[in-house]
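A.B. asks: One structure, as C-alpha cells, below. Some questions next.
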Amino acid sequence: MNLIIQLLVSAVVFFILSKILPGFTIKDAKTAIIVALLYGVLMVLSTLLVSPLSFLTDMCAKLVSWIPIISSIANAGAVVVKFLLNFIIGAIMLCITDKFVKGFEMRSFAVGIVAALIISIVGCFVPMF
C-alpha cells in the first residue's frame with residue numbers, strides 16, 4: 001500500500017512539474033504514473049550501484065568523528081555529498097526516462113537538472129523517492 005501511495009505522490013509531483021517548468025512536458029496522468037514508476041525503478045537501481053560511494057563518505061565521516069569540530073563538518077559534508085549525488089543521478093535518470101517513455105519530454109539536460117533539483121528538495125520533505 002505504501003508503495004502505491006509513493007507512486008501516486010511521485011506522479012503528482014511530475015505532473016505539477018510539467019505544468020510549472022517550461023521544457024518539461026508530460027502528456028497526461030497515465031504518462032505521469034509511467035514516468036514515476038520508471039524513474040523510481042531507475043533510482044533504486046542507481047542506489048544499488050552508488051552504495052559503495054555512499055559507504056565511503058560515511059566511513060570518512062566516522063574516521064574523523066573523534067575530533068568534535070571536524071566531526072560536525074564531516075557529517076554535514078557527508079549529507080551534502082549524498083544530496084548532490086542523489087541530485088545528479090536524478091537528473092541523469094530523468095534523461096534516461098525521457099528516452100523510454102512516449103508522452104514525456106525534456107527539452108534539455110538543463111531542464112532535467114532543474115527538475116531533479118525540485119524533486120530532490122521535495123524528497124527532503126516527503127520521503128518518496
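Chain labels follow the order of the C-alpha cells: the first chain is A, the next B, and so on; residue numbering restarts at 1 in every chain, and ligands are counted from 1 in their shown order.
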May I have the residues within 9 Å of region 91-93 of chain A as a list in words, using only C-alpha atoms and disregarding those fewer than 4 positions away in the same chain?

C.D. replies: Tyr39, Leu42, Met43, Ser46, Asn86, Phe87, Thr97, Asp98, Phe109, Ala110, Val111, Gly112, Ile113, Val114, Ala115, Ala116 and Leu117 of chain A

A.B. asks: Selection from above, C-alpha atoms, as a PDB file, in the first residue's frame, can you write it?

C.D. replies:
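Saved to out-v1.pdb:
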```
ATOM      1  CA  TYR A  39      12.060   6.851 -12.554  1.00  0.00           C
ATOM      2  CA  LEU A  42      15.949   3.560 -12.132  1.00  0.00           C
ATOM      3  CA  MET A  43      16.646   5.401  -8.873  1.00  0.00           C
ATOM      4  CA  SER A  46      21.274   3.529  -9.283  1.00  0.00           C
ATOM      5  CA  ASN A  86      21.254  11.950  -5.486  1.00  0.00           C
ATOM      6  CA  PHE A  87      20.515  15.194  -7.327  1.00  0.00           C
ATOM      7  CA  THR A  97      13.328   8.076 -18.531  1.00  0.00           C
ATOM      8  CA  ASP A  98      12.738  10.711 -21.214  1.00  0.00           C
ATOM      9  CA  PHE A 109      19.626  18.442 -19.782  1.00  0.00           C
ATOM     10  CA  ALA A 110      19.362  21.824 -18.039  1.00  0.00           C
ATOM     11  CA  VAL A 111      15.614  21.260 -17.657  1.00  0.00           C
ATOM     12  CA  GLY A 112      16.437  17.842 -16.194  1.00  0.00           C
ATOM     13  CA  ILE A 113      18.807  19.438 -13.695  1.00  0.00           C
ATOM     14  CA  VAL A 114      16.168  21.939 -12.554  1.00  0.00           C
ATOM     15  CA  ALA A 115      13.542  19.172 -12.338  1.00  0.00           C
ATOM     16  CA  ALA A 116      15.927  16.919 -10.392  1.00  0.00           C
ATOM     17  CA  LEU A 117      16.692  19.780  -8.007  1.00  0.00           C
TER      18      LEU A 117
END
```

A.B. asks: Name the residues in contact with Ser18 (chain A) at a cut-off of 12 Å, using only C-alpha atoms, excluding same-chain residues fewer than 5 positions from it; report them as a VMD selection string.

C.D. replies: chain A and resid 11 to 13 23 to 29 31 to 32 35 103 to 107 111 to 112 114 to 115 118

A.B. asks: How many Å separate CA of Cys95 (chain A) from CA of Gln6 (chain A)?

C.D. replies: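 Going from CA of Cys95 (chain A) over to CA of Gln6 (chain A) covers 21.0 Å.
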
A.B. asks: Any idea what the distance is between CA of Ala36 (chain A) and CA of Ser10 (chain A)?

C.D. replies: 5.6 Å

A.B. asks: Quick one: residues within 12 Å of Thr47 (chain A), only C-alpha atoms counted, chain neighbours fewer than 3 positions away excluded, as a list in words?

C.D. replies: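 Near neighbours after the sequence-gap exclusion: Gly40, Val41, Leu42, Met43, Val44, Val50, Ser51, Pro52, Leu53, Ser54, Phe55, Lys82, Leu85, Asn86, Phe87, Ile89, Gly90, Met93 and Phe129 of chain A.
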
A.B. asks: Looking only at the backbone, which of the residues in region 85-127 of chain A does DSSP tag as helix (DSSP H, G or I), as an NGL selection string?

C.D. replies: :A and (85-100 or 109-125)

A.B. asks: Quick one: distance from CA of Ile4 (chain A) to CA of Lys102 (chain A) in Å, one decimal?

C.D. replies: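 Answer for the CA of Ile4 (chain A) to CA of Lys102 (chain A) separation: 22.1 Å.
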
A.B. asks: In terms of the shortest atom-to-atom distance over only C-alpha atoms, which of A:Leu84, A:Leu49, A:Cys124, A:Ile119 is closest to Phe15 (chain A)?

C.D. replies: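 Nearest candidate to Phe15 (chain A) out of A:Leu84, A:Leu49, A:Cys124, A:Ile119: A:Ile119.
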